[in-house]
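Participant: This one is start-v6.tsv, TSV, C-alpha atoms.
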chain	number	residue	atom	x	y	z
A	680	GLY	CA	6.68	-5.50	-32.56
A	681	ARG	CA	6.82	-2.47	-30.25
A	682	GLY	CA	10.60	-2.43	-29.81
A	683	TRP	CA	10.70	-3.52	-26.16
A	684	LEU	CA	11.58	-6.67	-24.25
A	685	SER	CA	10.63	-7.66	-20.70
A	686	ALA	CA	13.74	-8.44	-18.69
A	687	PRO	CA	14.40	-9.32	-15.05
A	688	VAL	CA	16.08	-6.63	-12.97
A	689	PRO	CA	19.43	-7.99	-11.71
A	690	GLY	CA	19.43	-8.54	-7.96
A	691	ARG	CA	15.69	-7.93	-7.59
A	692	PRO	CA	13.62	-11.12	-7.64
A	693	PHE	CA	10.25	-10.72	-9.38
A	694	ALA	CA	11.14	-7.24	-10.67
A	695	ILE	CA	10.70	-6.84	-14.41
A	696	GLU	CA	11.66	-3.85	-16.51
A	697	ALA	CA	11.15	-2.98	-20.14
A	698	ILE	CA	14.37	-2.61	-22.10
A	699	PRO	CA	14.84	-1.49	-25.70
A	700	CYS	CA	15.17	-4.30	-28.20
A	701	ASP	CA	18.69	-4.36	-29.67
A	702	VAL	CA	17.30	-5.41	-33.04
A	703	CYS	CA	15.09	-2.35	-33.42
A	704	SER	CA	16.78	0.79	-34.68
A	705	LYS	CA	15.82	4.32	-33.80
A	706	ALA	CA	15.37	5.00	-37.50
A	707	SER	CA	12.40	2.65	-37.53
A	708	LEU	CA	10.55	4.34	-34.68
A	709	GLN	CA	6.92	4.82	-35.43
A	710	ASP	CA	4.30	7.20	-34.14
A	711	PHE	CA	2.25	4.88	-31.94
A	712	PHE	CA	-0.39	7.57	-31.48
A	713	ALA	CA	-1.05	7.50	-35.24
A	714	ASP	CA	-2.40	3.96	-34.79
A	715	LEU	CA	-5.22	5.21	-32.56
A	716	GLU	CA	-8.72	5.78	-33.86
A	717	VAL	CA	-9.53	9.44	-33.23
A	718	LYS	CA	-13.12	10.13	-32.24
A	719	SER	CA	-14.74	13.27	-30.92
A	720	GLY	CA	-14.72	11.84	-27.38
A	721	ASN	CA	-11.02	10.94	-27.26
A	722	ARG	CA	-9.34	13.65	-29.33
A	723	ASP	CA	-8.35	15.70	-26.27
A	724	ALA	CA	-7.12	12.61	-24.38
A	725	ILE	CA	-4.84	11.67	-27.28
A	726	THR	CA	-3.48	15.21	-27.51
A	727	VAL	CA	-2.81	15.42	-23.76
A	728	ALA	CA	-1.27	11.91	-23.66
A	729	ARG	CA	1.05	12.74	-26.54
A	730	GLY	CA	2.17	15.89	-24.73
A	731	PHE	CA	2.68	14.00	-21.48
A	732	THR	CA	4.74	11.39	-23.29
A	733	ASN	CA	7.05	14.07	-24.65
A	734	ASP	CA	7.47	15.71	-21.23
A	735	PRO	CA	6.43	13.24	-18.50
A	736	LYS	CA	6.00	15.25	-15.34
A	737	GLY	CA	3.54	14.47	-12.58
A	738	TRP	CA	0.51	12.31	-13.30
A	739	LEU	CA	-1.87	11.66	-16.13
A	740	VAL	CA	-5.20	9.98	-15.30
A	741	LEU	CA	-7.45	8.53	-18.00
A	742	THR	CA	-11.05	7.75	-17.08
A	743	GLY	CA	-13.87	6.24	-19.07
A	744	LYS	CA	-16.08	3.23	-19.42
A	745	THR	CA	-14.89	-0.12	-20.75
A	746	GLY	CA	-14.14	-0.06	-24.48
A	747	THR	CA	-13.30	3.64	-24.78
A	748	GLY	CA	-9.65	3.05	-25.76
A	749	LYS	CA	-7.83	3.79	-22.51
A	750	THR	CA	-5.61	0.71	-22.70
A	751	ARG	CA	-4.71	1.37	-26.34
A	752	LEU	CA	-3.75	4.91	-25.35
A	753	LEU	CA	-1.62	3.53	-22.50
A	754	ASN	CA	0.10	1.21	-24.97
A	755	ALA	CA	0.92	4.19	-27.20
A	756	ILE	CA	2.41	6.02	-24.21
A	757	VAL	CA	4.50	3.04	-23.10
A	758	SER	CA	5.68	2.29	-26.63
A	759	THR	CA	6.77	5.90	-27.11
A	760	TRP	CA	8.86	5.96	-23.91
A	761	ARG	CA	11.85	4.34	-25.58
A	762	GLY	CA	14.96	4.34	-23.46
A	763	GLU	CA	13.06	5.08	-20.26
A	764	ARG	CA	13.16	2.71	-17.30
A	765	ARG	CA	9.47	2.25	-16.82
A	766	GLN	CA	6.91	-0.29	-15.64
A	767	ALA	CA	3.46	-0.99	-17.06
A	768	MET	CA	0.79	-3.36	-15.78
A	769	THR	CA	-2.74	-3.65	-14.48
A	770	SER	CA	-3.41	-3.07	-10.81
A	771	GLY	CA	-4.31	-6.76	-10.44
A	772	GLU	CA	-0.96	-7.84	-11.94
A	773	LEU	CA	0.88	-5.43	-9.66
A	774	LEU	CA	-0.83	-6.88	-6.58
A	775	ASP	CA	-0.02	-10.41	-7.79
A	776	TRP	CA	3.69	-9.54	-8.05
A	777	TRP	CA	3.60	-8.15	-4.53
A	778	ARG	CA	1.81	-11.25	-3.17
A	779	ARG	CA	4.42	-13.53	-4.76
A	780	ALA	CA	7.18	-11.42	-3.22
A	781	LEU	CA	5.57	-11.86	0.21
A	782	ASP	CA	5.72	-15.62	-0.27
A	783	ASP	CA	9.45	-15.39	-1.08
A	784	ASP	CA	10.27	-12.87	1.65
A	785	THR	CA	11.40	-10.36	-0.98
A	786	PHE	CA	8.51	-7.92	-0.64
A	787	GLY	CA	10.60	-4.91	0.45
A	788	PRO	CA	12.94	-4.79	-2.56
A	789	VAL	CA	10.18	-5.74	-5.00
A	790	PHE	CA	7.79	-3.11	-3.65
A	791	GLU	CA	10.57	-0.50	-3.73
A	792	SER	CA	11.43	-1.31	-7.34
A	793	TYR	CA	7.87	-0.52	-8.41
A	794	CYS	CA	7.64	2.59	-6.24
A	795	THR	CA	10.88	4.05	-7.57
A	796	SER	CA	10.42	3.12	-11.23
A	797	ARG	CA	11.29	6.16	-13.34
A	798	ALA	CA	7.87	6.07	-14.98
A	799	PHE	CA	4.87	3.85	-14.24
A	800	VAL	CA	1.71	3.01	-16.16
A	801	LEU	CA	-1.10	1.48	-14.09
A	802	ASP	CA	-4.09	0.14	-16.01
A	803	ASP	CA	-7.51	-0.84	-14.64
A	804	LEU	CA	-7.18	0.78	-11.22
A	805	GLY	CA	-10.30	-0.29	-9.35
A	806	ALA	CA	-10.71	-3.61	-11.16
A	807	GLU	CA	-8.77	-5.44	-8.42
A	808	LYS	CA	-10.54	-6.92	-5.41
A	809	PRO	CA	-10.32	-4.17	-2.79
A	810	THR	CA	-9.16	-6.19	0.21
A	811	GLU	CA	-7.74	-4.37	3.20
A	812	TRP	CA	-4.23	-5.58	2.27
A	813	ALA	CA	-4.60	-4.50	-1.38
A	814	LEU	CA	-5.91	-1.06	-0.44
A	815	GLU	CA	-3.11	-0.57	2.06
A	816	ARG	CA	-0.41	-1.49	-0.48
A	817	LEU	CA	-1.94	0.53	-3.30
A	818	THR	CA	-2.20	3.53	-0.97
A	819	MET	CA	1.47	3.20	0.02
A	820	PHE	CA	2.51	2.83	-3.62
A	821	LEU	CA	0.43	5.76	-4.88
A	822	ASP	CA	1.47	7.96	-1.93
A	823	PHE	CA	5.14	7.27	-2.67
A	824	ARG	CA	4.83	8.19	-6.36
A	825	TYR	CA	2.52	11.14	-5.68
A	826	ASN	CA	4.74	12.71	-3.00
A	827	ARG	CA	7.75	12.54	-5.32
A	828	ALA	CA	5.81	13.63	-8.43
A	829	LEU	CA	7.16	10.61	-10.32
A	830	PRO	CA	5.72	10.26	-13.82
A	831	THR	CA	2.68	8.05	-13.44
A	832	VAL	CA	-0.15	7.27	-15.83
A	833	ILE	CA	-3.33	5.68	-14.49
A	834	ALA	CA	-6.37	4.36	-16.35
A	835	THR	CA	-9.62	3.57	-14.56
A	836	ASN	CA	-13.25	2.90	-15.40
A	837	TYR	CA	-14.35	4.91	-12.37
A	838	ASN	CA	-15.06	8.59	-11.86
A	839	ALA	CA	-14.02	10.22	-8.57
A	840	HIS	CA	-17.28	9.42	-6.75
A	841	GLU	CA	-17.29	5.76	-7.84
A	842	MET	CA	-13.62	5.33	-7.00
A	843	GLU	CA	-14.07	6.78	-3.54
A	844	GLN	CA	-16.84	4.28	-2.84
A	845	ARG	CA	-14.71	1.39	-4.13
A	846	LEU	CA	-11.16	2.30	-3.02
A	847	GLY	CA	-11.68	4.98	-0.36
A	848	PRO	CA	-10.97	8.70	-0.09
A	849	ARG	CA	-7.15	8.55	0.19
A	850	ILE	CA	-6.53	6.69	-3.07
A	851	THR	CA	-9.19	8.80	-4.79
A	852	ASP	CA	-7.52	11.99	-3.57
A	853	ARG	CA	-4.17	10.90	-4.98
A	854	VAL	CA	-5.61	9.84	-8.32
A	855	PHE	CA	-7.92	12.79	-8.91
Once you've parsed the file, please lay out its structure as structure tokens.

Facilitator:
Amino acid sequence: GRGWLSAPVPGRPFAIEAIPCDVCSKASLQDFFADLEVKSGNRDAITVARGFTNDPKGWLVLTGKTGTGKTRLLNAIVSTWRGERRQAMTSGELLDWWRRALDDDTFGPVFESYCTSRAFVLDDLGAEKPTEWALERLTMFLDFRYNRALPTVIATNYNAHEMEQRLGPRITDRVF
């Protein structure tokens, strides 16, 4: 019902991209931000996210405890990016895709497809198990996107201090 389909990327095993649904017409586009419940604590986040969606440059980081509406806000952002080649998933899902690619010896192209995605939405950063391998890959991924200022939206339950304790100073520096 959001106007998007998940489709495999030709020539890139395990890579998935969102493509516009042919059945949906641009005339039926809706304001996905209008579906959000506006409260005093999230009004500014909704305003900033809407602005970022209209002109996605650099990074947008959403922080807050569980149940504050970060994922719903991410869904509004992703749904509004019609026509954009973008990826959206949780950090745990991202790591799972990379692990599967290692098993199939396709890690390089799969990893590159996520790094170079035109826009990327990463939900629940910090919820994954922070193994040495996971931290190394997440650092490489975030460094790549950060150094190229690729449009990236991140949601996390952690503030900077908590994230540094969980994921280390390098990832925290990139995110915050």

Participant: Can you write out as a tab-separated table which residues of segment 727-809 of chain A fall within 12 Å of segment 684-701 of chain A, alongside each residue's closest atom pair and its distance in Å to one decimal, counting all atoms listed in the file and ordering rows by chain and ascending residue number?

Facilitator:
residue	atom	partner	partner_atom	distance
A:Val757	CA	A:Ala697	CA	9.4
A:Ser758	CA	A:Pro699	CA	10.0
A:Thr759	CA	A:Pro699	CA	11.0
A:Trp760	CA	A:Pro699	CA	9.7
A:Arg761	CA	A:Pro699	CA	6.6
A:Gly762	CA	A:Pro699	CA	6.2
A:Glu763	CA	A:Ile698	CA	8.0
A:Arg764	CA	A:Ala697	CA	6.7
A:Arg765	CA	A:Ala697	CA	6.4
A:Gln766	CA	A:Glu696	CA	6.0
A:Ala767	CA	A:Ala697	CA	8.5
A:Met768	CA	A:Ile695	CA	10.6
A:Glu772	CA	A:Phe693	CA	11.9
A:Leu773	CA	A:Ala694	CA	10.5
A:Asp775	CA	A:Phe693	CA	10.4
A:Trp776	CA	A:Phe693	CA	6.8
A:Trp777	CA	A:Phe693	CA	8.6
A:Arg778	CA	A:Phe693	CA	10.5
A:Arg779	CA	A:Phe693	CA	8.0
A:Ala780	CA	A:Phe693	CA	6.9
A:Leu781	CA	A:Phe693	CA	10.7
A:Asp782	CA	A:Phe693	CA	11.3
A:Asp783	CA	A:Pro692	CA	8.9
A:Asp784	CA	A:Pro692	CA	10.0
A:Thr785	CA	A:Pro692	CA	7.1
A:Phe786	CA	A:Pro692	CA	9.2
A:Gly787	CA	A:Arg691	CA	10.0
A:Pro788	CA	A:Arg691	CA	6.5
A:Val789	CA	A:Ala694	CA	5.9
A:Phe790	CA	A:Ala694	CA	8.8
A:Glu791	CA	A:Ala694	CA	9.7
A:Ser792	CA	A:Ala694	CA	6.8
A:Tyr793	CA	A:Ala694	CA	7.8
A:Cys794	CA	A:Ala694	CA	11.3
A:Thr795	CA	A:Ala694	CA	11.7
A:Ser796	CA	A:Glu696	CA	8.8
A:Arg797	CA	A:Glu696	CA	10.5
A:Ala798	CA	A:Glu696	CA	10.7
A:Phe799	CA	A:Glu696	CA	10.5
A:Val800	CA	A:Ala697	CA	11.9

Participant: Would you kindly return, as a PyMOL selection string, each protein, DNA or RNA residue with an atom no farther than 8 Å from any atom of Gly743 of chain A, considering only C-alpha atoms and excluding same-chain residues fewer than 5 positions away?

Facilitator: chain A and resi 749+835-838

Participant: Go ahead and save the residues from that selection, with C-alpha atoms, as a PDB file, in the frame of the given file.

Facilitator:
ATOM      1  CA  LYS A 749      -7.830   3.790 -22.510  1.00  0.00           C
ATOM      2  CA  THR A 835      -9.620   3.570 -14.560  1.00  0.00           C
ATOM      3  CA  ASN A 836     -13.250   2.900 -15.400  1.00  0.00           C
ATOM      4  CA  TYR A 837     -14.350   4.910 -12.370  1.00  0.00           C
ATOM      5  CA  ASN A 838     -15.060   8.590 -11.860  1.00  0.00           C
TER       6      ASN A 838
END

Participant: Calculated over all atoms listed in the file, which of the candidates A:Arg722, A:Gly771, A:Trp738, A:Thr747 has the smallest distance to Arg853 of chain A?

Facilitator: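 Among A:Arg722, A:Gly771, A:Trp738, A:Thr747, it is A:Trp738 that comes nearest to Arg853 of chain A.
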
Participant: Mind pulling up the distance from atom CA of Ile850 of chain A to atom CA of Glu807 of chain A?

Facilitator: 13.4 Å

Participant: Using all atoms listed in the file, which of the listed residues (A:Leu814, A:Leu846, A:Ala834, A:Phe823) sits closest to Asp802 of chain A?

Facilitator: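 Result for the nearest residue to Asp802 of chain A: A:Ala834.
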
Participant: Give me, please, the distance in Å between atom CA of Leu829 of chain A and atom CA of Lys736 of chain A, quoted to one decimal.

Facilitator: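 A separation of 6.9 Å between them.
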
Participant: Nearest residue to Asn826 of chain A out of A:Ser770, A:Gly737, A:Ile756, A:Thr742, using only C-alpha atoms?

Facilitator: A:Gly737

Participant: Out of A:Ala755, A:Leu715, A:Arg816, A:Arg845, which residue has the shortest atom-to-atom distance to Ala728 of chain A when counting only C-alpha atoms?

Facilitator: A:Ala755

Participant: Which distance in Å separates atom CA of Lys744 of chain A and atom CA of Pro809 of chain A, to one decimal?

Facilitator: 19.1 Å

Participant: Ranking A:Glu716, A:Pro848, A:Phe711, A:Leu804 by minimum distance to Val832 of chain A and counting only C-alpha atoms, which one comes first?

Facilitator: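 For Val832 of chain A, the nearest of the given residues is A:Leu804.
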